[in-house]
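Reviewing the structure listed below.
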Amino acid sequence: MATIHPKANPADPRFCLWQWVVLDEHYPAESSKDGDTPVRLFVNTATGRFVFKELSCLKEYYFVSSSGGLLVLASKKPPHSTCVFNPFTGSFICFLAPVPDLVRHTKAYLQGVGPSTTLVLDNRPLPNTGPNPTMIYSICMAANIPGDGHFFHPPVYHILESNREKLLIIRRQHPAGGVDVFKLDGNQKMVIQPIRSIDSRAIFLGQRCLSVDANKFPSIDGNCVFYLDRGDENNGGFGIYMYDLNKEKEVWVAAHVVDFAWGTEKYATPSIIQVLMKYSIYTPWCQLRD
C-alpha cells in the first residue's frame with residue numbers, strides 16, 4: 001500500500017521530528033530479535049502512533065539525551081565527540097566538541113539546520129527563557145492567582161509550545177490546587193493573555209513539558225493539564241493530578257511515577273498517563289558517565 005511521501009507535505013505531523021519523543025530513555029526495551037541490536041520506543045504526540053526502532057548505532061555510541069525524535073549521542077571512542085542522530089533516516093549531524101564533563105541528567109535543544117546548527121545541553125531544572133521571576137510574580141498578583149503572598153517564594157512556571165502556540169503555565173501554590181494558563185505573543189512587545197481552553201490538547205508538566213493531542217490517546221482527557229503533586233489528606237496524596245481547564249477542577253488520577261522497569265506487580269503495566277508523566281519529569285542519564 002502506498003503512503004504519503006514526506007516531500008509531498010513536509011508539514012504533515014507524521015514527519016515532524018519535534019512531534020516524536022523517546023519513552024524508554026532510562027531503561028529501554030529488550031534488544032531486537034537478534035538479541036544484539038538496541039531498541040527504543042517512540043511515540044508521536046500528534047498522531048498517537050507508537051513505533052519500536054532498532055538502533056544499531058547505539059553499539060558504537062553512548063546515549064546522552066533526546067530532542068524530540070532526535071537522539072543526542074557521544075562516541076564511545078575518546079574524546080567522545082558529540083553527534084545528533086535521526087533514527088528515521090539514519091542521518092548524523094556531527095560536532096567536533098566532546099560532551100562536557102558536567103553533563104549527567106540533561107535536556108537537549110537543537111537550533112538551526114545545516115552549517116549553523118547549534119546543540120544546547122541544559123542541566124538546569126527549568127529553562128530560564130521567557131518572563132523573569134519578577135514578571136511572573138506581577139502576573140500572579142494581577143490575575144489573583146492563589147499563593148503564599150511572599151515575593152521570595154514565586155510559583156513554579158513552565159513555558160512550552162503547544163499546537164504552535166507559546167504558553168506560560170503557572171502552578172498554583174499549595175494548598176491551592178490547579179494551574180493558570182497564558183498565551184504568549186512575543187512578536188513585538190511581550191503580550192500575555194489568560195486562556196481557559198487549549199482545545200483537544202493535554203499538557204504534561206515537568207523538566208520537559210509535553211503537549212499531546214488527546215483525541216489520539218483515548219485514555220487522556222483534552223483541555224487538561226497533568227502534573228505531579230504531593231497532595232494532602234483531603235485528596236489522593238502524592239501522585240499525578242489533572243486540572244480540567246473547563247471545569248476549573250483538580251483531581252487525583254494516578255499513583256506516583258516510579259521506575260516501571262523495576263517490574264513490581266503494582267506498576268508492571270503503567271497507564272499511558274503515567275508513561276508520559278514519567279517522560280516529562282525525568283531527564284535522561286548520560287550513559288557516558290556510567
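Here, A, B, ... name the chains of the C-alpha cells in the order displayed, residue numbers run from 1 inside each chain, and ligands are numbered from 1 in the same displayed order.
Near range 165-167 of chain A, within 9 Å and counting only C-alpha atoms, sit His158, Ile159, Val181, Phe182, Lys183, Leu184, Asp185 and Gly186 of chain A, not including residues fewer than 6 positions from it in the same chain.
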**Report entry** Contact residues around Ile220 in chain A with only C-alpha atoms at 10 Å, ignoring same-chain residues under 2 positions, as a PyMOL selection string
**Finding:** chain A and resi 200-202+212-218+222-224+226+242+271-273
Please produce an output containing N, CA, C and O atoms for each residue in the selection, written as a PDB file, in the first residue's frame.
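File selection35.pdb, as written:
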ATOM      1  N   SER A 200      -8.139  20.422  22.171  1.00  0.00           N
ATOM      2  CA  SER A 200      -8.033  18.981  22.425  1.00  0.00           C
ATOM      3  C   SER A 200      -6.672  18.587  22.984  1.00  0.00           C
ATOM      4  O   SER A 200      -6.382  17.394  23.145  1.00  0.00           O
ATOM      5  N   ARG A 201      -5.836  19.568  23.288  1.00  0.00           N
ATOM      6  CA  ARG A 201      -4.502  19.261  23.791  1.00  0.00           C
ATOM      7  C   ARG A 201      -4.541  18.865  25.262  1.00  0.00           C
ATOM      8  O   ARG A 201      -5.414  19.294  26.037  1.00  0.00           O
ATOM      9  N   ALA A 202      -3.608  18.015  25.648  1.00  0.00           N
ATOM     10  CA  ALA A 202      -3.350  17.684  27.047  1.00  0.00           C
ATOM     11  C   ALA A 202      -1.878  17.967  27.294  1.00  0.00           C
ATOM     12  O   ALA A 202      -1.017  17.576  26.501  1.00  0.00           O
ATOM     13  N   VAL A 212       0.242  16.843  23.971  1.00  0.00           N
ATOM     14  CA  VAL A 212      -0.227  15.781  23.088  1.00  0.00           C
ATOM     15  C   VAL A 212      -1.651  16.077  22.638  1.00  0.00           C
ATOM     16  O   VAL A 212      -2.395  16.808  23.301  1.00  0.00           O
ATOM     17  N   ASP A 213      -2.025  15.491  21.512  1.00  0.00           N
ATOM     18  CA  ASP A 213      -3.399  15.590  21.019  1.00  0.00           C
ATOM     19  C   ASP A 213      -4.216  14.498  21.689  1.00  0.00           C
ATOM     20  O   ASP A 213      -4.081  13.321  21.369  1.00  0.00           O
ATOM     21  N   ALA A 214      -5.064  14.887  22.643  1.00  0.00           N
ATOM     22  CA  ALA A 214      -5.824  13.908  23.419  1.00  0.00           C
ATOM     23  C   ALA A 214      -6.788  13.102  22.559  1.00  0.00           C
ATOM     24  O   ALA A 214      -7.172  11.991  22.944  1.00  0.00           O
ATOM     25  N   ASN A 215      -7.187  13.621  21.412  1.00  0.00           N
ATOM     26  CA  ASN A 215      -8.080  12.867  20.527  1.00  0.00           C
ATOM     27  C   ASN A 215      -7.414  11.593  20.014  1.00  0.00           C
ATOM     28  O   ASN A 215      -8.107  10.668  19.581  1.00  0.00           O
ATOM     29  N   LYS A 216      -6.084  11.549  20.037  1.00  0.00           N
ATOM     30  CA  LYS A 216      -5.346  10.392  19.539  1.00  0.00           C
ATOM     31  C   LYS A 216      -4.969   9.421  20.660  1.00  0.00           C
ATOM     32  O   LYS A 216      -4.422   8.363  20.398  1.00  0.00           O
ATOM     33  N   PHE A 217      -5.261   9.811  21.920  1.00  0.00           N
ATOM     34  CA  PHE A 217      -4.968   8.956  23.072  1.00  0.00           C
ATOM     35  C   PHE A 217      -6.269   8.776  23.848  1.00  0.00           C
ATOM     36  O   PHE A 217      -6.635   9.638  24.659  1.00  0.00           O
ATOM     37  N   PRO A 218      -7.002   7.693  23.609  1.00  0.00           N
ATOM     38  CA  PRO A 218      -8.356   7.531  24.166  1.00  0.00           C
ATOM     39  C   PRO A 218      -8.456   7.677  25.678  1.00  0.00           C
ATOM     40  O   PRO A 218      -9.496   8.086  26.192  1.00  0.00           O
ATOM     41  N   GLY A 222      -8.827  15.800  26.956  1.00  0.00           N
ATOM     42  CA  GLY A 222      -8.343  17.031  26.361  1.00  0.00           C
ATOM     43  C   GLY A 222      -8.661  18.248  27.224  1.00  0.00           C
ATOM     44  O   GLY A 222      -9.476  18.179  28.149  1.00  0.00           O
ATOM     45  N   ASN A 223      -8.022  19.373  26.913  1.00  0.00           N
ATOM     46  CA  ASN A 223      -8.177  20.630  27.637  1.00  0.00           C
ATOM     47  C   ASN A 223      -7.848  20.456  29.119  1.00  0.00           C
ATOM     48  O   ASN A 223      -8.495  21.040  29.992  1.00  0.00           O
ATOM     49  N   CYS A 224      -6.825  19.626  29.384  1.00  0.00           N
ATOM     50  CA  CYS A 224      -6.419  19.346  30.757  1.00  0.00           C
ATOM     51  C   CYS A 224      -4.904  19.452  30.886  1.00  0.00           C
ATOM     52  O   CYS A 224      -4.168  19.276  29.918  1.00  0.00           O
ATOM     53  N   PHE A 226      -1.679  17.983  33.266  1.00  0.00           N
ATOM     54  CA  PHE A 226      -1.277  16.940  34.205  1.00  0.00           C
ATOM     55  C   PHE A 226       0.051  17.326  34.864  1.00  0.00           C
ATOM     56  O   PHE A 226       0.930  17.888  34.220  1.00  0.00           O
ATOM     57  N   MET A 242      -4.709  15.922  37.617  1.00  0.00           N
ATOM     58  CA  MET A 242      -5.199  16.503  36.366  1.00  0.00           C
ATOM     59  C   MET A 242      -6.044  17.724  36.705  1.00  0.00           C
ATOM     60  O   MET A 242      -6.935  17.652  37.567  1.00  0.00           O
ATOM     61  N   SER A 271      -0.132   3.056  32.981  1.00  0.00           N
ATOM     62  CA  SER A 271      -1.047   3.684  32.031  1.00  0.00           C
ATOM     63  C   SER A 271      -0.263   4.638  31.146  1.00  0.00           C
ATOM     64  O   SER A 271       0.867   5.028  31.457  1.00  0.00           O
ATOM     65  N   ILE A 272      -0.868   5.055  30.041  1.00  0.00           N
ATOM     66  CA  ILE A 272      -0.202   5.995  29.147  1.00  0.00           C
ATOM     67  C   ILE A 272       0.017   7.334  29.863  1.00  0.00           C
ATOM     68  O   ILE A 272       1.014   8.037  29.610  1.00  0.00           O
ATOM     69  N   ILE A 273      -0.882   7.706  30.773  1.00  0.00           N
ATOM     70  CA  ILE A 273      -0.699   8.935  31.539  1.00  0.00           C
ATOM     71  C   ILE A 273       0.564   8.847  32.389  1.00  0.00           C
ATOM     72  O   ILE A 273       1.363   9.781  32.456  1.00  0.00           O
TER      73      ILE A 273
END
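Residues within 7 Å of Ser66 in chain A, counting only C-alpha atoms and excluding same-chain residues fewer than 5 positions away, are Leu71, Val72 and Ala108 of chain A.
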Query raised in the report: By how many Å are CA of Glu60 in chain A and CA of Cys286 in chain A apart?
Result: 14.6 Å
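Nearest residue to Pro194 in chain A, choosing from A:Leu168, A:Arg230, A:Gly177, A:Gln207 and counting only C-alpha atoms: A:Leu168.
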Query raised in the report: With only C-alpha atoms as the basis for distance, which of A:Gly206, A:Ser162, A:Gly239, A:Thr47 is at the shortest distance from Trp252 in chain A?
Result: A:Gly239
